[in-house]
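The data block below is upload39.pdb; it holds PDB, C-alpha atoms.
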```
ATOM      1  CA  MET J   1     115.393 135.501 117.039
ATOM      2  CA  ASN J   2     116.691 132.858 114.650
ATOM      3  CA  LYS J   3     116.552 134.144 111.136
ATOM      4  CA  LYS J   4     117.345 131.816 108.252
ATOM      5  CA  SER J   5     120.456 132.730 106.319
ATOM      6  CA  PRO J   6     120.097 133.255 102.539
ATOM      7  CA  LEU J   7     121.969 129.959 102.066
ATOM      8  CA  GLU J   8     119.435 128.066 104.195
ATOM      9  CA  LYS J   9     116.590 129.650 102.258
ATOM     10  CA  ASN J  10     118.197 128.591  98.998
ATOM     11  CA  ASN J  11     118.537 125.009 100.259
ATOM     12  CA  LYS J  12     114.772 124.627 100.410
ATOM     13  CA  VAL J  13     113.982 122.340  97.473
ATOM     14  CA  THR J  14     110.595 122.737  95.866
ATOM     15  CA  ALA J  15     108.566 119.757  94.646
ATOM     16  CA  ARG J  16     109.209 120.750  91.045
ATOM     17  CA  GLU J  17     112.970 120.980  91.647
ATOM     18  CA  GLN J  18     112.929 117.563  93.304
ATOM     19  CA  ILE J  19     111.140 116.049  90.304
ATOM     20  CA  CYS J  20     113.738 117.614  87.963
ATOM     21  CA  LYS J  21     116.532 116.214  90.143
ATOM     22  CA  ASN J  22     114.926 112.750  90.129
ATOM     23  CA  THR J  23     114.470 112.884  86.346
ATOM     24  CA  LYS J  24     118.161 113.683  85.851
ATOM     25  CA  GLU J  25     119.178 110.894  88.230
ATOM     26  CA  TRP J  26     116.969 108.467  86.352
ATOM     27  CA  GLU J  27     119.139 108.856  83.227
ATOM     28  CA  LYS J  28     121.978 107.101  85.078
ATOM     29  CA  ILE J  29     119.645 104.346  86.326
ATOM     30  CA  GLY J  30     118.256 103.883  82.807
ATOM     31  CA  GLU J  31     121.787 103.345  81.456
ATOM     32  CA  SER J  32     122.500 100.725  84.130
ATOM     33  CA  VAL J  33     119.220  98.942  83.405
ATOM     34  CA  ASP J  34     119.950  98.882  79.646
ATOM     35  CA  TYR J  35     123.323  97.272  80.317
ATOM     36  CA  LEU J  36     121.842  94.631  82.643
ATOM     37  CA  VAL J  37     119.037  93.778  80.201
ATOM     38  CA  LYS J  38     121.463  93.462  77.272
ATOM     39  CA  THR J  39     123.839  91.196  79.185
ATOM     40  CA  SER J  40     121.282  88.898  80.852
ATOM     41  CA  GLU J  41     120.741  85.366  79.557
ATOM     42  CA  PRO J  42     117.881  85.192  77.036
ATOM     43  CA  GLY J  43     114.622  83.565  78.101
ATOM     44  CA  ILE J  44     115.291  83.863  81.841
ATOM     45  CA  THR J  45     112.306  84.851  84.009
ATOM     46  CA  TRP J  46     111.756  86.336  87.453
ATOM     47  CA  ARG J  47     110.448  82.931  88.561
ATOM     48  CA  ASP J  48     113.759  81.280  87.572
ATOM     49  CA  LEU J  49     115.722  83.881  89.492
ATOM     50  CA  LEU J  50     113.621  84.157  92.643
ATOM     51  CA  GLY J  51     112.838  80.482  93.082
ATOM     52  CA  ARG J  52     109.150  81.224  93.515
ATOM     53  CA  LYS J  53     106.746  78.508  92.475
ATOM     54  CA  ASP J  54     103.267  78.976  91.146
ATOM     55  CA  GLU J  55     101.482  77.434  94.100
ATOM     56  CA  SER J  56      99.022  78.666  96.662
ATOM     57  CA  TYR J  57      99.401  79.006 100.422
ATOM     58  CA  ASN J  58      97.783  76.143 102.252
TER      59      ASN J  58
ATOM     60  CA  MET P   1     100.594 107.321  97.525
ATOM     61  CA  ASN P   2     102.331 104.619  99.604
ATOM     62  CA  LEU P   3     103.788 101.687  97.671
ATOM     63  CA  THR P   4     105.785  98.543  98.341
ATOM     64  CA  ILE P   5     107.254  96.969  95.229
ATOM     65  CA  ASP P   6     108.164  93.323  95.526
ATOM     66  CA  SER P   7     111.214  91.575  94.082
ATOM     67  CA  THR P   8     109.401  90.283  91.010
ATOM     68  CA  ILE P   9     109.125  93.839  89.646
ATOM     69  CA  PHE P  10     112.730  94.791  90.369
ATOM     70  CA  VAL P  11     114.051  91.528  88.913
ATOM     71  CA  GLU P  12     111.923  91.697  85.755
ATOM     72  CA  PHE P  13     113.138  95.298  85.363
ATOM     73  CA  VAL P  14     116.712  94.116  84.650
ATOM     74  CA  VAL P  15     116.167  90.899  82.649
ATOM     75  CA  ASN P  16     115.051  90.448  79.083
ATOM     76  CA  GLY P  17     111.600  89.158  80.094
ATOM     77  CA  THR P  18     108.047  89.605  78.802
ATOM     78  CA  HIS P  19     107.146  92.386  81.245
ATOM     79  CA  GLN P  20     110.482  94.229  81.264
ATOM     80  CA  ALA P  21     109.172  97.395  79.573
ATOM     81  CA  LEU P  22     106.144  97.527  81.885
ATOM     82  CA  CYS P  23     108.300  97.213  85.004
ATOM     83  CA  TYR P  24     110.713  99.816  83.623
ATOM     84  CA  ASP P  25     107.869 102.297  83.096
ATOM     85  CA  LEU P  26     106.513 101.632  86.581
ATOM     86  CA  LEU P  27     109.831 102.058  88.387
ATOM     87  CA  LYS P  28     110.734 105.145  86.364
ATOM     88  CA  THR P  29     107.391 106.777  87.253
ATOM     89  CA  VAL P  30     107.744 105.824  90.916
ATOM     90  CA  TYR P  31     111.334 107.073  91.089
ATOM     91  CA  ILE P  32     110.604 110.442  89.509
ATOM     92  CA  LYS P  33     107.314 111.246  91.238
ATOM     93  CA  ASN P  34     107.687 113.140  94.460
ATOM     94  CA  SER P  35     104.294 112.072  95.743
ATOM     95  CA  VAL P  36     105.061 108.322  95.834
ATOM     96  CA  PHE P  37     106.380 107.018  99.156
ATOM     97  CA  LEU P  38     108.259 103.762  98.789
ATOM     98  CA  TYR P  39     108.418 101.297 101.720
ATOM     99  CA  GLU P  40     110.793  98.416 101.048
ATOM    100  CA  PRO P  41     112.111  95.557 103.196
ATOM    101  CA  ASN P  42     115.920  95.364 103.236
ATOM    102  CA  ILE P  43     115.679  91.809 101.942
ATOM    103  CA  LEU P  44     114.725  93.269  98.573
ATOM    104  CA  LEU P  45     118.304  94.434  98.069
ATOM    105  CA  PHE P  46     119.672  90.969  98.828
ATOM    106  CA  GLU P  47     117.221  89.339  96.444
ATOM    107  CA  PHE P  48     117.824  91.889  93.712
ATOM    108  CA  ILE P  49     121.627  91.618  93.814
ATOM    109  CA  ASN P  50     121.420  87.810  93.884
ATOM    110  CA  ALA P  51     119.038  87.735  90.941
ATOM    111  CA  VAL P  52     121.284  90.029  88.896
ATOM    112  CA  ASP P  53     124.218  87.764  89.663
ATOM    113  CA  ARG P  54     122.321  84.667  88.552
ATOM    114  CA  SER P  55     120.854  86.208  85.402
ATOM    115  CA  SER P  56     124.171  85.901  83.586
ATOM    116  CA  ASN P  57     126.149  82.667  83.367
ATOM    117  CA  LYS P  58     129.547  84.319  83.537
ATOM    118  CA  PRO P  59     132.240  82.737  85.731
ATOM    119  CA  GLU P  60     133.506  84.471  88.872
ATOM    120  CA  ASN P  61     135.970  87.335  88.364
ATOM    121  CA  ASN P  62     134.759  87.789  84.796
ATOM    122  CA  PRO P  63     134.914  91.550  84.008
ATOM    123  CA  GLU P  64     131.362  91.568  82.639
ATOM    124  CA  ARG P  65     130.044  89.887  85.771
ATOM    125  CA  ASN P  66     131.809  92.448  87.965
ATOM    126  CA  LYS P  67     130.428  95.279  85.859
ATOM    127  CA  ARG P  68     126.902  93.844  86.158
ATOM    128  CA  MET P  69     127.226  93.730  89.953
ATOM    129  CA  SER P  70     128.427  97.307  90.080
ATOM    130  CA  LYS P  71     125.478  98.427  87.921
ATOM    131  CA  ALA P  72     123.067  96.570  90.224
ATOM    132  CA  LEU P  73     124.569  98.286  93.267
ATOM    133  CA  GLU P  74     124.246 101.667  91.572
ATOM    134  CA  ILE P  75     120.531 101.039  91.033
ATOM    135  CA  CYS P  76     120.053  99.940  94.670
ATOM    136  CA  ASN P  77     121.861 103.003  95.996
ATOM    137  CA  LYS P  78     119.777 105.350  93.876
ATOM    138  CA  PHE P  79     116.566 103.885  95.287
ATOM    139  CA  ILE P  80     117.939 103.903  98.869
ATOM    140  CA  ASN P  81     118.912 107.555  98.571
ATOM    141  CA  ARG P  82     115.762 108.680  96.776
ATOM    142  CA  GLN P  83     113.731 111.128  98.806
ATOM    143  CA  ASN P  84     110.590 109.393 100.167
ATOM    144  CA  SER P  85     112.126 105.877 100.016
ATOM    145  CA  TYR P  86     112.319 103.848 103.228
ATOM    146  CA  PHE P  87     114.230 100.569 103.467
ATOM    147  CA  LEU P  88     113.095  98.740 106.565
ATOM    148  CA  ASP P  89     114.859  96.195 108.737
ATOM    149  CA  LEU P  90     113.311  92.897 109.702
ATOM    150  CA  ASP P  91     112.909  91.422 113.118
ATOM    151  CA  PHE P  92     114.255  87.860 113.259
ATOM    152  CA  LYS P  93     111.670  86.764 115.844
ATOM    153  CA  LEU P  94     108.903  87.895 113.543
ATOM    154  CA  TRP P  95     110.479  86.105 110.603
ATOM    155  CA  ASP P  96     110.807  82.912 112.624
ATOM    156  CA  GLY P  97     107.143  83.309 113.586
ATOM    157  CA  TRP P  98     106.165  83.540 109.936
ATOM    158  CA  THR P  99     108.005  80.406 108.925
ATOM    159  CA  LYS P 100     106.231  78.535 111.752
ATOM    160  CA  HIS P 101     102.947  80.162 110.847
ATOM    161  CA  THR P 102     103.168  78.918 107.253
ATOM    162  CA  LYS P 103     104.126  75.472 108.649
ATOM    163  CA  ASN P 104     107.082  75.182 106.370
ATOM    164  CA  ARG P 105     110.409  76.820 105.787
ATOM    165  CA  PHE P 106     110.130  77.416 102.083
ATOM    166  CA  TRP P 107     112.106  80.559 101.434
ATOM    167  CA  HIS P 108     109.847  81.970  98.726
ATOM    168  CA  LYS P 109     106.729  81.799 100.934
ATOM    169  CA  THR P 110     108.515  83.698 103.683
ATOM    170  CA  GLN P 111     109.542  86.334 101.157
ATOM    171  CA  ASP P 112     105.933  86.819 100.092
ATOM    172  CA  GLU P 113     104.912  87.316 103.723
ATOM    173  CA  ILE P 114     107.633  89.894 104.288
ATOM    174  CA  PHE P 115     106.450  92.012 101.371
ATOM    175  CA  LEU P 116     102.810  91.712 102.393
ATOM    176  CA  TYR P 117     103.648  92.568 106.008
ATOM    177  CA  ILE P 118     105.700  95.659 105.113
ATOM    178  CA  ALA P 119     102.885  96.865 102.856
ATOM    179  CA  CYS P 120     100.221  96.246 105.531
ATOM    180  CA  LYS P 121     102.171  97.962 108.301
ATOM    181  CA  ASN P 122     102.731 101.094 106.201
ATOM    182  CA  LYS P 123      99.243 101.224 104.720
ATOM    183  CA  ALA P 124     100.864 100.762 101.333
ATOM    184  CA  THR P 125      99.694  99.044  98.179
ATOM    185  CA  LEU P 126     101.882  96.115  97.185
ATOM    186  CA  VAL P 127     102.818  95.786  93.514
ATOM    187  CA  THR P 128     103.812  92.358  92.190
ATOM    188  CA  LEU P 129     103.904  90.147  89.096
ATOM    189  CA  ASP P 130     103.028  87.127  91.247
ATOM    190  CA  SER P 131      99.371  86.272  90.627
ATOM    191  CA  GLN P 132      99.218  84.155  93.797
ATOM    192  CA  MET P 133      99.867  87.224  95.921
ATOM    193  CA  ILE P 134      97.195  89.199  94.074
ATOM    194  CA  LEU P 135      94.694  86.378  94.603
ATOM    195  CA  LYS P 136      95.600  85.770  98.263
ATOM    196  CA  PRO P 137      96.743  89.077  99.760
ATOM    197  CA  ARG P 138      96.846  87.987 103.387
ATOM    198  CA  CYS P 139      99.622  87.903 105.973
ATOM    199  CA  VAL P 140      99.939  87.922 109.787
ATOM    200  CA  ALA P 141      99.107  91.642 109.838
ATOM    201  CA  GLY P 142      95.898  91.123 107.855
ATOM    202  CA  ASN P 143      94.835  91.628 104.262
ATOM    203  CA  CYS P 144      96.428  94.277 102.101
ATOM    204  CA  LYS P 145      95.854  95.781  98.695
ATOM    205  CA  VAL P 146      97.911  93.924  96.081
ATOM    206  CA  ILE P 147      97.923  94.951  92.425
ATOM    207  CA  SER P 148      99.756  94.295  89.159
ATOM    208  CA  PRO P 149     102.272  96.804  87.716
ATOM    209  CA  TYR P 150      99.799  97.561  84.929
ATOM    210  CA  ASP P 151      97.081  98.554  87.418
ATOM    211  CA  CYS P 152      99.593 100.538  89.447
ATOM    212  CA  LEU P 153     100.657 102.579  86.426
ATOM    213  CA  LYS P 154      97.011 103.443  85.808
ATOM    214  CA  LEU P 155      96.779 104.792  89.384
ATOM    215  CA  LEU P 156      99.941 106.878  89.069
TER     216      LEU P 156
END
```
Represent the structure contained in this file as structure tokens.
Amino acid sequence: MNKKSPLEKNNKVTAREQICKNTKEWEKIGESVDYLVKTSEPGITWRDLLGRKDESYN
Amino acid sequence: MNLTIDSTIFVEFVVNGTHQALCYDLLKTVYIKNSVFLYEPNILLFEFINAVDRSSNKPENNPERNKRMSKALEICNKFINRQNSYFLDLDFKLWDGWTKHTKNRFWHKTQDEIFLYIACKNKATLVTLDSQMILKPRCVAGNCKVISPYDCLKLL
């Protein structure tokens, strides 16, 4: 019979633990975003950067 | 909840635009929540990195430009490695079919179709800042649910 070792049991991450982990990871993302926003050219839009035009399919 | 977030949201998230704070709040909520499944086409990464590169007029090999690229890659990797995120490959034949289907080879129209298709196939809601996609949410796989980041935040 395959019993789980205590280590395997401990590796089971609960939903709450995952949310805590994601929240901590977000701090790093938030810092990167702040840097990119501060160093981007003023007045630039997503339309300028993606080359999408405001036109319909037809 | 299944979501696909198109390039407009990710790009606005890192530029000093009108909807930056809204897109930041949306992506933060999506990233942290365990119950949101994210289905993204791989092309998103290409578009995102390119947009970050073009959002600053620094010359090549400028230290700030290199730092910006490394920050953009960090963000991409975090989303790739997030639990419940799926970055999906594209089939070239399908892509070629789309460009013929739309009777033109305008890059931005093909991009729209890719995001709509990925959302449709994964029964996901597509989030975009592009009003044209909200008004005409159809692609070769059918119609899908397309909403603004504001409406998405209300659902989360």
request  = Mind giving me the straight-line distance from atom CA of P:Ser7 to atom CA of J:Ala15 in Å, one decimal?
outcome  =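 Between these atoms lies a distance of 28.3 Å.
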message = Since I can't run it myself right now, could you work out what the PyMOL selection byres ((chain J and resi 45) around 10) selects here and report it as a list of chain:residue names?
response =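 Output from the PyMOL selection byres ((chain J and resi 45) around 10), applied to this file: J:Glu41, J:Pro42, J:Gly43, J:Ile44, J:Trp46, J:Arg47, J:Asp48, J:Leu49, J:Leu50, P:Thr8, P:Val11, P:Glu12, P:Val15, P:Asn16, P:Gly17, P:Thr18, P:His19, P:Gln20, P:Ser55.
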Output the selection as a PDB file, keeping the file's coordinate frame - C-alpha atoms for each residue.
```
ATOM      1  CA  GLU J  41     120.741  85.366  79.557  1.00  0.00           C
ATOM      2  CA  PRO J  42     117.881  85.192  77.036  1.00  0.00           C
ATOM      3  CA  GLY J  43     114.622  83.565  78.101  1.00  0.00           C
ATOM      4  CA  ILE J  44     115.291  83.863  81.841  1.00  0.00           C
ATOM      5  CA  TRP J  46     111.756  86.336  87.453  1.00  0.00           C
ATOM      6  CA  ARG J  47     110.448  82.931  88.561  1.00  0.00           C
ATOM      7  CA  ASP J  48     113.759  81.280  87.572  1.00  0.00           C
ATOM      8  CA  LEU J  49     115.722  83.881  89.492  1.00  0.00           C
ATOM      9  CA  LEU J  50     113.621  84.157  92.643  1.00  0.00           C
TER      10      LEU J  50
ATOM     11  CA  THR P   8     109.401  90.283  91.010  1.00  0.00           C
ATOM     12  CA  VAL P  11     114.051  91.528  88.913  1.00  0.00           C
ATOM     13  CA  GLU P  12     111.923  91.697  85.755  1.00  0.00           C
ATOM     14  CA  VAL P  15     116.167  90.899  82.649  1.00  0.00           C
ATOM     15  CA  ASN P  16     115.051  90.448  79.083  1.00  0.00           C
ATOM     16  CA  GLY P  17     111.600  89.158  80.094  1.00  0.00           C
ATOM     17  CA  THR P  18     108.047  89.605  78.802  1.00  0.00           C
ATOM     18  CA  HIS P  19     107.146  92.386  81.245  1.00  0.00           C
ATOM     19  CA  GLN P  20     110.482  94.229  81.264  1.00  0.00           C
ATOM     20  CA  SER P  55     120.854  86.208  85.402  1.00  0.00           C
TER      21      SER P  55
END
```
Return the neighbours of chain J among the residues of chain P, cut-off 8 Å, counting all atoms listed in the file, as an mmCIF file with C-alpha atoms, in the frame of the given file.
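The resulting selection28.cif:
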```cif
data_model
loop_
_atom_site.group_PDB
_atom_site.id
_atom_site.type_symbol
_atom_site.label_atom_id
_atom_site.label_comp_id
_atom_site.auth_asym_id
_atom_site.auth_seq_id
_atom_site.Cartn_x
_atom_site.Cartn_y
_atom_site.Cartn_z
ATOM 1 C CA SER P 7 111.214 91.575 94.082
ATOM 2 C CA THR P 8 109.401 90.283 91.010
ATOM 3 C CA VAL P 11 114.051 91.528 88.913
ATOM 4 C CA GLU P 12 111.923 91.697 85.755
ATOM 5 C CA PHE P 13 113.138 95.298 85.363
ATOM 6 C CA VAL P 14 116.712 94.116 84.650
ATOM 7 C CA VAL P 15 116.167 90.899 82.649
ATOM 8 C CA ASN P 16 115.051 90.448 79.083
ATOM 9 C CA GLY P 17 111.600 89.158 80.094
ATOM 10 C CA LYS P 28 110.734 105.145 86.364
ATOM 11 C CA TYR P 31 111.334 107.073 91.089
ATOM 12 C CA ILE P 32 110.604 110.442 89.509
ATOM 13 C CA LYS P 33 107.314 111.246 91.238
ATOM 14 C CA ASN P 34 107.687 113.140 94.460
ATOM 15 C CA GLU P 47 117.221 89.339 96.444
ATOM 16 C CA ALA P 51 119.038 87.735 90.941
ATOM 17 C CA VAL P 52 121.284 90.029 88.896
ATOM 18 C CA ARG P 54 122.321 84.667 88.552
ATOM 19 C CA SER P 55 120.854 86.208 85.402
ATOM 20 C CA SER P 56 124.171 85.901 83.586
ATOM 21 C CA ASN P 57 126.149 82.667 83.367
ATOM 22 C CA ARG P 68 126.902 93.844 86.158
ATOM 23 C CA LYS P 71 125.478 98.427 87.921
ATOM 24 C CA ALA P 72 123.067 96.570 90.224
ATOM 25 C CA GLU P 74 124.246 101.667 91.572
ATOM 26 C CA ILE P 75 120.531 101.039 91.033
ATOM 27 C CA LYS P 78 119.777 105.350 93.876
ATOM 28 C CA ARG P 82 115.762 108.680 96.776
ATOM 29 C CA THR P 102 103.168 78.918 107.253
ATOM 30 C CA HIS P 108 109.847 81.970 98.726
ATOM 31 C CA LYS P 109 106.729 81.799 100.934
ATOM 32 C CA GLN P 132 99.218 84.155 93.797
#
```
query = Which distance in Å separates atom CA of P:Leu116 and atom CA of P:Phe48, to one decimal?
reply =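 Result for atom CA of P:Leu116 versus atom CA of P:Phe48: 17.3 Å, one decimal.
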task = Provide the atom CA of P:Ser70 to atom CA of P:Asn2 distance in Å, to one decimal place.
result = 28.7 Å
message = Which residues are near stretch 120-125 of chain P? Cut-off 8 Å, only C-alpha atoms, ignore same chain within fewer than 2 positions. Put them as a VMD selection string.
response = chain P and resid 1 to 4 39 116 to 118 127 141 to 147
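Each of P:Asp89, P:Asp25, P:Asp112, P:Glu64 was compared to P:Leu45 using all atoms listed in the file, and P:Asp89 turns out to be the nearest.
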